[in-house]
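Participant: Below is the file final.cif, which contains mmCIF, C-alpha atoms and all ligand atoms.
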```cif
data_final
#
loop_
_atom_site.group_PDB
_atom_site.id
_atom_site.type_symbol
_atom_site.label_atom_id
_atom_site.label_comp_id
_atom_site.auth_asym_id
_atom_site.auth_seq_id
_atom_site.Cartn_x
_atom_site.Cartn_y
_atom_site.Cartn_z
ATOM 1 C CA MET A 6 0.000 0.000 0.000
ATOM 2 C CA THR A 7 1.410 3.445 -0.911
ATOM 3 C CA ASP A 8 1.591 6.258 1.660
ATOM 4 C CA GLN A 9 -1.266 8.013 -0.197
ATOM 5 C CA HIS A 10 -3.454 4.902 -0.052
ATOM 6 C CA ALA A 11 -2.680 4.372 3.628
ATOM 7 C CA ALA A 12 -3.541 8.003 4.416
ATOM 8 C CA ALA A 13 -6.772 7.732 2.411
ATOM 9 C CA ALA A 14 -7.741 4.565 4.304
ATOM 10 C CA ARG A 15 -7.141 6.319 7.640
ATOM 11 C CA VAL A 16 -9.272 9.308 6.610
ATOM 12 C CA ALA A 17 -12.083 7.051 5.376
ATOM 13 C CA ALA A 18 -12.042 5.017 8.603
ATOM 14 C CA ALA A 19 -12.077 8.117 10.813
ATOM 15 C CA TYR A 20 -14.913 9.859 8.967
ATOM 16 C CA ASN A 21 -16.935 6.672 8.491
ATOM 17 C CA ALA A 22 -16.763 6.269 12.260
ATOM 18 C CA ALA A 23 -17.920 9.875 12.762
ATOM 19 C CA SER A 24 -20.815 9.593 10.317
ATOM 20 C CA ASP A 25 -23.422 8.459 12.864
ATOM 21 C CA ARG A 26 -23.436 11.878 14.586
ATOM 22 C CA TYR A 27 -22.089 14.100 11.837
ATOM 23 C CA THR A 28 -25.278 16.094 11.336
ATOM 24 C CA ALA A 29 -26.409 16.055 14.976
ATOM 25 C CA PRO A 30 -27.530 19.525 16.185
ATOM 26 C CA PRO A 31 -24.315 20.258 18.189
ATOM 27 C CA LEU A 32 -22.376 19.866 14.911
ATOM 28 C CA SER A 33 -24.508 22.352 12.991
ATOM 29 C CA PHE A 34 -21.356 24.409 12.366
ATOM 30 C CA TRP A 35 -20.505 22.235 9.327
ATOM 31 C CA ASP A 36 -23.632 23.433 7.518
ATOM 32 C CA ARG A 37 -23.137 26.989 8.747
ATOM 33 C CA PHE A 38 -19.590 27.290 7.393
ATOM 34 C CA GLY A 39 -20.401 25.396 4.195
ATOM 35 C CA ALA A 40 -23.320 27.697 3.432
ATOM 36 C CA GLU A 41 -21.290 30.804 4.275
ATOM 37 C CA THR A 42 -18.433 29.725 2.012
ATOM 38 C CA VAL A 43 -20.868 29.251 -0.865
ATOM 39 C CA ARG A 44 -22.623 32.548 -0.142
ATOM 40 C CA ARG A 45 -19.316 34.410 -0.405
ATOM 41 C CA MET A 46 -18.562 32.854 -3.790
ATOM 42 C CA GLY A 47 -21.580 34.475 -5.449
ATOM 43 C CA LEU A 48 -22.314 31.446 -7.639
ATOM 44 C CA ARG A 49 -24.607 32.001 -10.579
ATOM 45 C CA SER A 50 -27.534 29.863 -11.605
ATOM 46 C CA GLY A 51 -26.414 27.158 -14.047
ATOM 47 C CA ALA A 52 -22.824 27.004 -12.777
ATOM 48 C CA HIS A 53 -20.849 23.753 -12.617
ATOM 49 C CA VAL A 54 -19.275 23.310 -9.187
ATOM 50 C CA LEU A 55 -16.669 20.866 -7.883
ATOM 51 C CA ASP A 56 -16.799 20.311 -4.105
ATOM 52 C CA LEU A 57 -13.699 18.572 -2.737
ATOM 53 C CA CYS A 58 -13.728 16.785 0.650
ATOM 54 C CA CYS A 59 -17.500 17.319 0.728
ATOM 55 C CA GLY A 60 -18.233 15.324 3.907
ATOM 56 C CA ALA A 61 -21.973 15.159 4.589
ATOM 57 C CA GLY A 62 -22.617 17.775 1.915
ATOM 58 C CA ALA A 63 -22.575 21.039 3.869
ATOM 59 C CA SER A 64 -21.233 23.165 1.009
ATOM 60 C CA ALA A 65 -22.362 20.838 -1.807
ATOM 61 C CA LEU A 66 -26.028 21.114 -0.795
ATOM 62 C CA ALA A 67 -25.720 24.881 -0.425
ATOM 63 C CA ALA A 68 -24.121 25.140 -3.876
ATOM 64 C CA ALA A 69 -26.775 22.902 -5.459
ATOM 65 C CA ARG A 70 -29.541 25.137 -4.122
ATOM 66 C CA VAL A 71 -27.890 28.221 -5.632
ATOM 67 C CA VAL A 72 -26.934 26.846 -9.061
ATOM 68 C CA GLY A 73 -30.403 25.367 -9.511
ATOM 69 C CA PRO A 74 -31.653 22.676 -11.896
ATOM 70 C CA SER A 75 -29.600 24.008 -14.823
ATOM 71 C CA GLY A 76 -26.411 23.784 -12.743
ATOM 72 C CA GLN A 77 -24.470 20.793 -11.515
ATOM 73 C CA VAL A 78 -22.405 19.934 -8.428
ATOM 74 C CA LEU A 79 -19.870 17.115 -8.348
ATOM 75 C CA ALA A 80 -18.946 16.360 -4.729
ATOM 76 C CA LEU A 81 -16.020 14.085 -3.817
ATOM 77 C CA ASP A 82 -15.018 12.502 -0.532
ATOM 78 C CA LEU A 83 -13.193 9.403 0.720
ATOM 79 C CA SER A 84 -15.771 8.393 3.338
ATOM 80 C CA PRO A 85 -18.539 6.205 1.843
ATOM 81 C CA ARG A 86 -20.743 6.641 4.922
ATOM 82 C CA LEU A 87 -20.581 10.438 4.833
ATOM 83 C CA LEU A 88 -21.319 10.299 1.105
ATOM 84 C CA GLU A 89 -24.394 8.125 1.776
ATOM 85 C CA LEU A 90 -25.538 10.610 4.381
ATOM 86 C CA ALA A 91 -24.967 13.501 1.971
ATOM 87 C CA ALA A 92 -26.929 11.727 -0.776
ATOM 88 C CA ARG A 93 -29.846 11.096 1.618
ATOM 89 C CA ARG A 94 -29.879 14.774 2.570
ATOM 90 C CA ALA A 95 -29.889 15.794 -1.102
ATOM 91 C CA ALA A 96 -32.751 13.371 -1.849
ATOM 92 C CA TYR A 97 -34.721 14.665 1.146
ATOM 93 C CA GLU A 98 -34.459 18.180 -0.309
ATOM 94 C CA GLY A 99 -35.278 16.992 -3.824
ATOM 95 C CA LEU A 100 -31.902 18.190 -5.132
ATOM 96 C CA ASP A 101 -31.096 16.053 -8.149
ATOM 97 C CA ASN A 102 -28.298 18.262 -9.497
ATOM 98 C CA ILE A 103 -25.580 16.789 -7.224
ATOM 99 C CA GLU A 104 -23.454 13.740 -7.883
ATOM 100 C CA PHE A 105 -21.612 12.358 -4.858
ATOM 101 C CA ARG A 106 -18.568 10.272 -5.709
ATOM 102 C CA CYS A 107 -16.094 8.352 -3.547
ATOM 103 C CA ALA A 108 -12.715 9.586 -4.756
ATOM 104 C CA ASP A 109 -9.435 11.074 -3.613
ATOM 105 C CA ALA A 110 -9.784 14.828 -4.002
ATOM 106 C CA THR A 111 -6.031 15.295 -4.386
ATOM 107 C CA SER A 112 -5.888 13.291 -7.625
ATOM 108 C CA THR A 113 -9.296 13.401 -9.291
ATOM 109 C CA GLY A 114 -8.223 12.752 -12.877
ATOM 110 C CA LEU A 115 -10.924 15.249 -13.935
ATOM 111 C CA PRO A 116 -10.286 17.402 -17.020
ATOM 112 C CA SER A 117 -8.619 20.794 -16.665
ATOM 113 C CA GLU A 118 -10.693 23.992 -16.649
ATOM 114 C CA SER A 119 -13.956 22.056 -16.371
ATOM 115 C CA PHE A 120 -15.682 23.824 -13.443
ATOM 116 C CA ASP A 121 -16.951 27.367 -12.890
ATOM 117 C CA ALA A 122 -16.248 27.021 -9.175
ATOM 118 C CA VAL A 123 -14.146 24.760 -6.962
ATOM 119 C CA VAL A 124 -14.867 24.547 -3.225
ATOM 120 C CA CYS A 125 -12.904 22.892 -0.425
ATOM 121 C CA VAL A 126 -14.158 23.442 3.114
ATOM 122 C CA PHE A 127 -12.005 22.089 5.972
ATOM 123 C CA GLY A 128 -10.213 19.658 3.676
ATOM 124 C CA VAL A 129 -7.033 21.266 2.334
ATOM 125 C CA PHE A 130 -4.988 20.556 5.470
ATOM 126 C CA PHE A 131 -5.339 16.775 5.135
ATOM 127 C CA ALA A 132 -3.187 16.669 1.995
ATOM 128 C CA ALA A 133 0.429 15.599 2.463
ATOM 129 C CA ASP A 134 1.292 17.884 -0.459
ATOM 130 C CA ARG A 135 -0.847 20.967 0.135
ATOM 131 C CA PRO A 136 0.575 23.097 -2.712
ATOM 132 C CA GLY A 137 0.041 20.117 -5.015
ATOM 133 C CA PHE A 138 -3.572 19.830 -3.840
ATOM 134 C CA VAL A 139 -4.254 23.548 -4.348
ATOM 135 C CA ALA A 140 -2.612 23.428 -7.787
ATOM 136 C CA GLU A 141 -4.925 20.531 -8.635
ATOM 137 C CA MET A 142 -7.970 22.592 -7.520
ATOM 138 C CA TRP A 143 -6.777 25.514 -9.648
ATOM 139 C CA ARG A 144 -6.151 23.291 -12.681
ATOM 140 C CA GLN A 145 -9.790 22.165 -12.696
ATOM 141 C CA LEU A 146 -11.144 25.715 -12.581
ATOM 142 C CA ALA A 147 -12.268 27.375 -15.826
ATOM 143 C CA PRO A 148 -10.817 30.829 -16.606
ATOM 144 C CA GLY A 149 -12.719 33.471 -14.652
ATOM 145 C CA GLY A 150 -14.013 30.906 -12.160
ATOM 146 C CA ALA A 151 -13.820 31.073 -8.377
ATOM 147 C CA LEU A 152 -11.901 28.870 -5.964
ATOM 148 C CA ALA A 153 -12.900 28.904 -2.273
ATOM 149 C CA VAL A 154 -10.795 27.251 0.424
ATOM 150 C CA THR A 155 -12.032 27.403 4.022
ATOM 151 C CA THR A 156 -9.813 26.439 6.973
ATOM 152 C CA TRP A 157 -10.050 26.752 10.728
ATOM 153 C CA GLY A 158 -8.696 29.843 12.466
ATOM 154 C CA PRO A 159 -6.740 29.930 15.714
ATOM 155 C CA HIS A 160 -8.249 28.957 19.096
ATOM 156 C CA LEU A 161 -10.755 26.550 17.578
ATOM 157 C CA PHE A 162 -13.468 25.544 20.064
ATOM 158 C CA GLU A 163 -11.530 27.047 22.958
ATOM 159 C CA PRO A 164 -11.587 26.992 25.899
ATOM 160 C CA GLY A 165 -13.500 23.700 25.699
ATOM 161 C CA ASN A 166 -11.075 22.013 23.341
ATOM 162 C CA SER A 167 -8.025 22.193 25.640
ATOM 163 C CA LEU A 168 -10.061 20.977 28.608
ATOM 164 C CA PHE A 169 -11.472 18.125 26.554
ATOM 165 C CA TRP A 170 -8.048 16.915 25.380
ATOM 166 C CA GLN A 171 -6.608 17.339 28.868
ATOM 167 C CA GLU A 172 -9.239 14.905 30.138
ATOM 168 C CA VAL A 173 -8.679 12.524 27.218
ATOM 169 C CA GLY A 174 -4.963 12.523 28.070
ATOM 170 C CA ARG A 175 -5.776 11.722 31.688
ATOM 171 C CA LEU A 176 -8.398 9.038 31.064
ATOM 172 C CA ARG A 177 -7.305 7.540 27.731
ATOM 173 C CA PRO A 178 -3.682 8.501 27.060
ATOM 174 C CA ASP A 179 -3.700 6.063 24.137
ATOM 175 C CA LEU A 180 -6.142 8.403 22.350
ATOM 176 C CA ASP A 181 -4.327 11.652 23.137
ATOM 177 C CA ARG A 182 -2.886 13.689 20.310
ATOM 178 C CA ALA A 183 -0.513 16.605 20.256
ATOM 179 C CA PHE A 184 -1.235 17.972 16.829
ATOM 180 C CA ASN A 185 -4.169 18.675 14.479
ATOM 181 C CA PRO A 186 -3.579 18.649 10.712
ATOM 182 C CA TRP A 187 -4.731 22.283 10.464
ATOM 183 C CA ASP A 188 -2.538 23.656 13.284
ATOM 184 C CA ASP A 189 -0.033 25.308 10.913
ATOM 185 C CA LEU A 190 -2.686 26.772 8.601
ATOM 186 C CA VAL A 191 -4.766 28.895 10.954
ATOM 187 C CA THR A 192 -3.766 32.439 9.949
ATOM 188 C CA PRO A 193 -4.735 34.486 6.885
ATOM 189 C CA ASP A 194 -1.015 34.807 6.079
ATOM 190 C CA ALA A 195 -0.499 31.042 6.094
ATOM 191 C CA LEU A 196 -3.521 30.382 3.883
ATOM 192 C CA GLY A 197 -2.703 33.301 1.562
ATOM 193 C CA SER A 198 0.888 32.068 1.190
ATOM 194 C CA LEU A 199 -0.281 28.569 0.360
ATOM 195 C CA LEU A 200 -2.608 29.851 -2.382
ATOM 196 C CA ARG A 201 -0.011 32.245 -3.815
ATOM 197 C CA SER A 202 2.691 29.577 -3.731
ATOM 198 C CA VAL A 203 1.091 27.864 -6.714
ATOM 199 C CA GLY A 204 0.772 31.075 -8.728
ATOM 200 C CA ILE A 205 -2.779 32.147 -7.840
ATOM 201 C CA GLY A 206 -2.717 35.932 -8.141
ATOM 202 C CA ASP A 207 -6.015 37.414 -7.068
ATOM 203 C CA VAL A 208 -6.204 36.009 -3.529
ATOM 204 C CA VAL A 209 -8.593 37.375 -0.890
ATOM 205 C CA VAL A 210 -8.419 35.841 2.601
ATOM 206 C CA THR A 211 -11.082 36.799 5.116
ATOM 207 C CA ALA A 212 -10.813 35.881 8.791
ATOM 208 C CA GLU A 213 -14.174 35.398 10.438
ATOM 209 C CA GLY A 214 -14.708 35.080 14.152
ATOM 210 C CA GLY A 215 -17.551 33.078 15.555
ATOM 211 C CA THR A 216 -19.047 31.281 18.486
ATOM 212 C CA HIS A 217 -20.922 28.020 18.575
ATOM 213 C CA ARG A 218 -23.618 27.561 21.184
ATOM 214 C CA LEU A 219 -23.921 24.234 22.993
ATOM 215 C CA LEU A 220 -26.830 23.478 25.295
ATOM 216 C CA THR A 221 -25.178 20.861 27.516
ATOM 217 C CA SER A 222 -21.648 19.668 28.267
ATOM 218 C CA ASP A 223 -22.518 16.335 26.638
ATOM 219 C CA ASP A 224 -22.942 18.210 23.366
ATOM 220 C CA PHE A 225 -19.214 18.887 23.391
HETATM 221 C C1 LIG B 1 -13.473 18.089 8.429
HETATM 222 S S1 LIG B 1 -14.378 17.181 7.232
HETATM 223 C C2 LIG B 1 -15.193 18.478 6.354
HETATM 224 C C3 LIG B 1 -16.308 17.971 5.482
HETATM 225 C C4 LIG B 1 -17.123 19.057 4.774
HETATM 226 N N1 LIG B 1 -16.352 19.781 3.803
HETATM 227 C C5 LIG B 1 -17.731 19.991 5.778
HETATM 228 O O1 LIG B 1 -17.279 21.143 5.892
HETATM 229 O O2 LIG B 1 -18.657 19.573 6.481
HETATM 230 C C6 LIG B 1 -13.097 16.696 6.138
HETATM 231 C C7 LIG B 1 -13.540 15.761 5.036
HETATM 232 O O3 LIG B 1 -12.465 15.620 4.125
HETATM 233 C C8 LIG B 1 -12.473 14.301 3.625
HETATM 234 N N2 LIG B 1 -11.146 14.049 3.051
HETATM 235 C C9 LIG B 1 -9.943 14.169 3.650
HETATM 236 N N3 LIG B 1 -8.947 13.905 2.760
HETATM 237 C C10 LIG B 1 -9.567 13.635 1.565
HETATM 238 C C11 LIG B 1 -9.105 13.319 0.262
HETATM 239 N N4 LIG B 1 -7.797 13.192 -0.006
HETATM 240 N N5 LIG B 1 -10.006 13.134 -0.705
HETATM 241 C C12 LIG B 1 -11.346 13.237 -0.456
HETATM 242 N N6 LIG B 1 -11.840 13.525 0.756
HETATM 243 C C13 LIG B 1 -10.965 13.731 1.758
HETATM 244 C C14 LIG B 1 -12.856 13.462 4.859
HETATM 245 O O4 LIG B 1 -13.345 12.191 4.509
HETATM 246 C C15 LIG B 1 -13.911 14.364 5.504
HETATM 247 O O5 LIG B 1 -15.207 14.053 5.031
#
```
Any chance you could put this one into structure tokens?
Facilitator:
Amino acid sequence: MTDQHAAAARVAAAYNAASDRYTAPPLSFWDRFGAETVRRMGLRSGAHVLDLCCGAGASALAAARVVGPSGQVLALDLSPRLLELAARRAAYEGLDNIEFRCADATSTGLPSESFDAVVCVFGVFFAADRPGFVAEMWRQLAPGGALAVTTWGPHLFEPGNSLFWQEVGRLRPDLDRAFNPWDDLVTPDALGSLLRSVGIGDVVVTAEGGTHRLLTSDDF
């Protein structure tokens, strides 16, 4: 098994395992950030959109609503269970302009310049070769199209996050972790540099603060 295949298998296993609660109310932030990313892109009706690392469809569903029946969304992810969940959500809404496909977003094999918009929400940091992944996104974008990449900012879910991991370290040290894949990509400078490093010229990075309300400690 190559390193890329091993990494893909780990991602699929982790997100398959998370799929049972992925759209539970305490995790409503996925849909919130997906919809906000799409809103900022100003997609037009009829556009063809590629959504990479689509998860349970937060941004893909939002894009499909905006581009309408004459548009099309192709949404890729490595987790079959999240893709099933996403497809059920699309069917529930009657959105038949989305295709969900199990595929590695870093090497899609899709033709160059074939989408009006490319979206990647909370996915870019998983790639071992991030510039290569961004270059691949850019390659698939038609001239004049829009690429949107959303990452986490600093202090994610604090102060709860540090307390949570402190307790995990105490109770289940085997599950403790010292590093998140996004830890070195949390500033506008870091994200802007990544995008510019592959020759993208017209880069706008917007930092957005936010809070996420939980009703009980169990929600965390
Ligand atoms: C943090 S989740 C975000 C999902 C979704 N974009 C959202 O905002 O709700 C990251 C997703 O990226 C997917 N992923 C990670 N690496 C991938 C890759 N190389 N190709 C396709 N999907 C990938 C995971 O399976 C997971 O569904």
Participant: What is the atom N4 of ligand LIG 1 (chain B) to atom CA of A:Gly60 distance in Å?
Facilitator: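 Calculated distance between atom N4 of ligand LIG 1 (chain B) and atom CA of A:Gly60 is 11.3 Å.
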Participant: Could you state the separation of atom CA of A:Met46 and atom O2 of ligand LIG 1 (chain B) in Å, given to one decimal place?
Facilitator: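 Separation of atom CA of A:Met46 and atom O2 of ligand LIG 1 (chain B): 16.8 Å.
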Participant: Under the rule that all atoms listed in the file are counted, which of A:Ala140, A:Arg70, A:Val54, A:His217 is the nearest residue to A:Pro164?
Facilitator: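 Using all atoms listed in the file, the shortest distance to A:Pro164 belongs to A:His217.
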Participant: Excluding A:Asp223 and its own-chain neighbours fewer than 6 positions away, which residues fall within 12 Å of it when counting only C-alpha atoms? Please give them as a ChimeraX atom specification.
Facilitator: /A:31,165,169
Participant: Return the single residue from A:Ala12, A:Ala110, A:Leu79, A:Ala96 that is closest to ligand LIG 1 (chain B), with distances computed using only C-alpha atoms and all ligand atoms.
Facilitator: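 Smallest distance to ligand LIG 1 (chain B) is found for A:Ala110.
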Participant: Show me, as a Markdown table, the residues of chain A having an atom within 9 Å of ligand LIG 1 (chain B), each with the closest atom pair and its distance in Å, using all atoms listed in the file.
Facilitator:
```
| residue | atom | partner | partner_atom | distance |
| --- | --- | --- | --- | --- |
| A:Gln9 | CA | B:LIG1 | N4 | 8.3 |
| A:Ala12 | CA | B:LIG1 | N4 | 8.0 |
| A:Ala13 | CA | B:LIG1 | N4 | 6.1 |
| A:Val16 | CA | B:LIG1 | O4 | 5.4 |
| A:Ala17 | CA | B:LIG1 | O4 | 5.4 |
| A:Ala18 | CA | B:LIG1 | O4 | 8.4 |
| A:Ala19 | CA | B:LIG1 | O4 | 7.6 |
| A:Tyr20 | CA | B:LIG1 | O4 | 5.3 |
| A:Asn21 | CA | B:LIG1 | O4 | 7.7 |
| A:Ser24 | CA | B:LIG1 | O5 | 8.9 |
| A:Tyr27 | CA | B:LIG1 | O2 | 8.4 |
| A:Thr28 | CA | B:LIG1 | O2 | 8.9 |
| A:Phe34 | CA | B:LIG1 | O2 | 8.1 |
| A:Trp35 | CA | B:LIG1 | O2 | 4.3 |
| A:Asp36 | CA | B:LIG1 | O2 | 6.4 |
| A:Arg37 | CA | B:LIG1 | O1 | 8.8 |
| A:Phe38 | CA | B:LIG1 | O1 | 6.7 |
| A:Gly39 | CA | B:LIG1 | O1 | 5.5 |
| A:Asp56 | CA | B:LIG1 | N1 | 7.9 |
| A:Leu57 | CA | B:LIG1 | C12 | 6.3 |
| A:Cys58 | CA | B:LIG1 | N6 | 3.8 |
| A:Cys59 | CA | B:LIG1 | N1 | 4.1 |
| A:Gly60 | CA | B:LIG1 | O5 | 3.5 |
| A:Ala61 | CA | B:LIG1 | O2 | 5.8 |
| A:Gly62 | CA | B:LIG1 | O2 | 6.3 |
| A:Ala63 | CA | B:LIG1 | O2 | 4.9 |
| A:Ser64 | CA | B:LIG1 | N1 | 6.6 |
| A:Ala65 | CA | B:LIG1 | N1 | 8.3 |
| A:Leu81 | CA | B:LIG1 | C12 | 5.8 |
| A:Asp82 | CA | B:LIG1 | N6 | 3.6 |
| A:Leu83 | CA | B:LIG1 | N6 | 4.3 |
| A:Ser84 | CA | B:LIG1 | O4 | 4.7 |
| A:Pro85 | CA | B:LIG1 | O4 | 8.4 |
| A:Leu87 | CA | B:LIG1 | O5 | 6.5 |
| A:Leu88 | CA | B:LIG1 | O5 | 8.2 |
| A:Cys107 | CA | B:LIG1 | C12 | 7.5 |
| A:Ala108 | CA | B:LIG1 | C12 | 5.8 |
| A:Asp109 | CA | B:LIG1 | N5 | 3.6 |
| A:Ala110 | CA | B:LIG1 | N5 | 3.7 |
| A:Thr111 | CA | B:LIG1 | N4 | 5.2 |
| A:Ser112 | CA | B:LIG1 | N4 | 7.9 |
| A:Thr113 | CA | B:LIG1 | N5 | 8.6 |
| A:Val124 | CA | B:LIG1 | N1 | 8.6 |
| A:Cys125 | CA | B:LIG1 | N1 | 6.3 |
| A:Val126 | CA | B:LIG1 | N1 | 4.3 |
| A:Phe127 | CA | B:LIG1 | C2 | 4.8 |
| A:Gly128 | CA | B:LIG1 | O3 | 4.6 |
| A:Val129 | CA | B:LIG1 | N3 | 7.6 |
| A:Phe130 | CA | B:LIG1 | N3 | 8.2 |
| A:Phe131 | CA | B:LIG1 | N3 | 5.2 |
| A:Ala132 | CA | B:LIG1 | N4 | 6.1 |
| A:Ala133 | CA | B:LIG1 | N4 | 8.9 |
| A:Phe138 | CA | B:LIG1 | N4 | 8.8 |
| A:Thr155 | CA | B:LIG1 | O1 | 8.4 |
```
Participant: Determine the nearest neighbour of A:Gly150 from the options A:Ala212, A:Val123, A:Val191, A:Val203, counting only C-alpha atoms.
Facilitator: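 With only C-alpha atoms as the atom set, the closest residue is A:Val123.
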Participant: Figure out the distance between atom CA of A:Arg44 and atom CA of A:Val154, please, to one decimal in Å.
Facilitator: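 Taking atom CA of A:Val154 as the start and atom CA of A:Arg44 as the end point, the length is 13.0 Å.
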Participant: Given all atoms listed in the file as the basis, pick out the residue of A:Val208, A:Leu199, A:Ala122, A:Phe225 nearest to A:Leu168.
Facilitator: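 Selected residue with least distance to A:Leu168: A:Phe225.
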Participant: Measuring atom to atom with all atoms listed in the file, identify which of A:Leu66, A:Val72, A:Gly137, A:Ala14 is nearest to A:Ala91.
Facilitator: A:Leu66
Participant: Just say which residues the PyMOL selection byres (((chain A and resi 102) around 7) and not hetatm) picks in this file, as a PyMOL selection string.
Facilitator: chain A and resi 69+74+76-78+100-101+103-104
Participant: Mind checking which residues fall within 12 Å of A:Ala183, counting only C-alpha atoms, ignoring those fewer than 2 positions away in the same chain, and posting them as a PyMOL selection string?
Facilitator: chain A and resi 167+170-171+173-174+178-181+185-186+188
Participant: How would the residues just picked look written out with C-alpha atoms as a PDB file, keeping the file's coordinate frame?
Facilitator:
```pdb
ATOM      1  CA  SER A 167      -8.025  22.193  25.640  1.00  0.00           C
ATOM      2  CA  TRP A 170      -8.048  16.915  25.380  1.00  0.00           C
ATOM      3  CA  GLN A 171      -6.608  17.339  28.868  1.00  0.00           C
ATOM      4  CA  VAL A 173      -8.679  12.524  27.218  1.00  0.00           C
ATOM      5  CA  GLY A 174      -4.963  12.523  28.070  1.00  0.00           C
ATOM      6  CA  PRO A 178      -3.682   8.501  27.060  1.00  0.00           C
ATOM      7  CA  ASP A 179      -3.700   6.063  24.137  1.00  0.00           C
ATOM      8  CA  LEU A 180      -6.142   8.403  22.350  1.00  0.00           C
ATOM      9  CA  ASP A 181      -4.327  11.652  23.137  1.00  0.00           C
ATOM     10  CA  ASN A 185      -4.169  18.675  14.479  1.00  0.00           C
ATOM     11  CA  PRO A 186      -3.579  18.649  10.712  1.00  0.00           C
ATOM     12  CA  ASP A 188      -2.538  23.656  13.284  1.00  0.00           C
TER      13      ASP A 188
END
```
Participant: Quick one: of A:Asp25, A:Ala95, A:Val71, A:Thr42, who's nearest to A:Val210, counting all atoms listed in the file?
Facilitator: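 Under the stated criterion, the closest residue is A:Thr42.
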Participant: Do you know which residues the PyMOL selection byres (((chain A and resi 119) around 10) and not hetatm) returns on this file, as a PDB file with C-alpha atoms, in the frame of the given file?
Facilitator:
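After the write, expr15.pdb holds the following:
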```pdb
ATOM      1  CA  HIS A  53     -20.849  23.753 -12.617  1.00  0.00           C
ATOM      2  CA  VAL A  54     -19.275  23.310  -9.187  1.00  0.00           C
ATOM      3  CA  LEU A  55     -16.669  20.866  -7.883  1.00  0.00           C
ATOM      4  CA  LEU A 115     -10.924  15.249 -13.935  1.00  0.00           C
ATOM      5  CA  PRO A 116     -10.286  17.402 -17.020  1.00  0.00           C
ATOM      6  CA  SER A 117      -8.619  20.794 -16.665  1.00  0.00           C
ATOM      7  CA  GLU A 118     -10.693  23.992 -16.649  1.00  0.00           C
ATOM      8  CA  PHE A 120     -15.682  23.824 -13.443  1.00  0.00           C
ATOM      9  CA  ASP A 121     -16.951  27.367 -12.890  1.00  0.00           C
ATOM     10  CA  ALA A 122     -16.248  27.021  -9.175  1.00  0.00           C
ATOM     11  CA  VAL A 123     -14.146  24.760  -6.962  1.00  0.00           C
ATOM     12  CA  ARG A 144      -6.151  23.291 -12.681  1.00  0.00           C
ATOM     13  CA  GLN A 145      -9.790  22.165 -12.696  1.00  0.00           C
ATOM     14  CA  LEU A 146     -11.144  25.715 -12.581  1.00  0.00           C
ATOM     15  CA  ALA A 147     -12.268  27.375 -15.826  1.00  0.00           C
ATOM     16  CA  PRO A 148     -10.817  30.829 -16.606  1.00  0.00           C
ATOM     17  CA  GLY A 150     -14.013  30.906 -12.160  1.00  0.00           C
TER      18      GLY A 150
END
```
Participant: Given the block above, output stretch 178-190 of chain A with N, CA and C atoms as a PDB file, in the first residue's frame.
Facilitator:
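File written: selection-v4.pdb
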```pdb
ATOM      1  N   PRO A 178      -4.895   7.970  27.681  1.00  0.00           N
ATOM      2  CA  PRO A 178      -3.682   8.501  27.060  1.00  0.00           C
ATOM      3  C   PRO A 178      -3.398   7.893  25.687  1.00  0.00           C
ATOM      4  N   ASP A 179      -3.923   6.692  25.449  1.00  0.00           N
ATOM      5  CA  ASP A 179      -3.700   6.063  24.137  1.00  0.00           C
ATOM      6  C   ASP A 179      -4.396   6.831  23.014  1.00  0.00           C
ATOM      7  N   LEU A 180      -5.413   7.645  23.377  1.00  0.00           N
ATOM      8  CA  LEU A 180      -6.142   8.403  22.350  1.00  0.00           C
ATOM      9  C   LEU A 180      -5.669   9.852  22.242  1.00  0.00           C
ATOM     10  N   ASP A 181      -4.754  10.247  23.116  1.00  0.00           N
ATOM     11  CA  ASP A 181      -4.327  11.652  23.137  1.00  0.00           C
ATOM     12  C   ASP A 181      -3.574  11.972  21.844  1.00  0.00           C
ATOM     13  N   ARG A 182      -3.611  13.261  21.504  1.00  0.00           N
ATOM     14  CA  ARG A 182      -2.886  13.689  20.310  1.00  0.00           C
ATOM     15  C   ARG A 182      -2.315  15.076  20.588  1.00  0.00           C
ATOM     16  N   ALA A 183      -1.168  15.337  19.976  1.00  0.00           N
ATOM     17  CA  ALA A 183      -0.513  16.605  20.256  1.00  0.00           C
ATOM     18  C   ALA A 183      -0.707  17.597  19.127  1.00  0.00           C
ATOM     19  N   PHE A 184      -1.279  17.153  18.038  1.00  0.00           N
ATOM     20  CA  PHE A 184      -1.235  17.972  16.829  1.00  0.00           C
ATOM     21  C   PHE A 184      -2.484  17.726  15.997  1.00  0.00           C
ATOM     22  N   ASN A 185      -3.075  18.800  15.450  1.00  0.00           N
ATOM     23  CA  ASN A 185      -4.169  18.675  14.479  1.00  0.00           C
ATOM     24  C   ASN A 185      -3.616  19.007  13.092  1.00  0.00           C
ATOM     25  N   PRO A 186      -4.151  18.396  12.038  1.00  0.00           N
ATOM     26  CA  PRO A 186      -3.579  18.649  10.712  1.00  0.00           C
ATOM     27  C   PRO A 186      -3.638  20.116  10.302  1.00  0.00           C
ATOM     28  N   TRP A 187      -4.577  20.889  10.898  1.00  0.00           N
ATOM     29  CA  TRP A 187      -4.731  22.283  10.464  1.00  0.00           C
ATOM     30  C   TRP A 187      -3.901  23.261  11.295  1.00  0.00           C
ATOM     31  N   ASP A 188      -3.191  22.759  12.326  1.00  0.00           N
ATOM     32  CA  ASP A 188      -2.538  23.656  13.284  1.00  0.00           C
ATOM     33  C   ASP A 188      -1.606  24.685  12.632  1.00  0.00           C
ATOM     34  N   ASP A 189      -0.964  24.351  11.531  1.00  0.00           N
ATOM     35  CA  ASP A 189      -0.033  25.308  10.913  1.00  0.00           C
ATOM     36  C   ASP A 189      -0.675  26.068   9.749  1.00  0.00           C
ATOM     37  N   LEU A 190      -2.014  26.061   9.702  1.00  0.00           N
ATOM     38  CA  LEU A 190      -2.686  26.772   8.601  1.00  0.00           C
ATOM     39  C   LEU A 190      -3.838  27.617   9.146  1.00  0.00           C
TER      40      LEU A 190
END
```
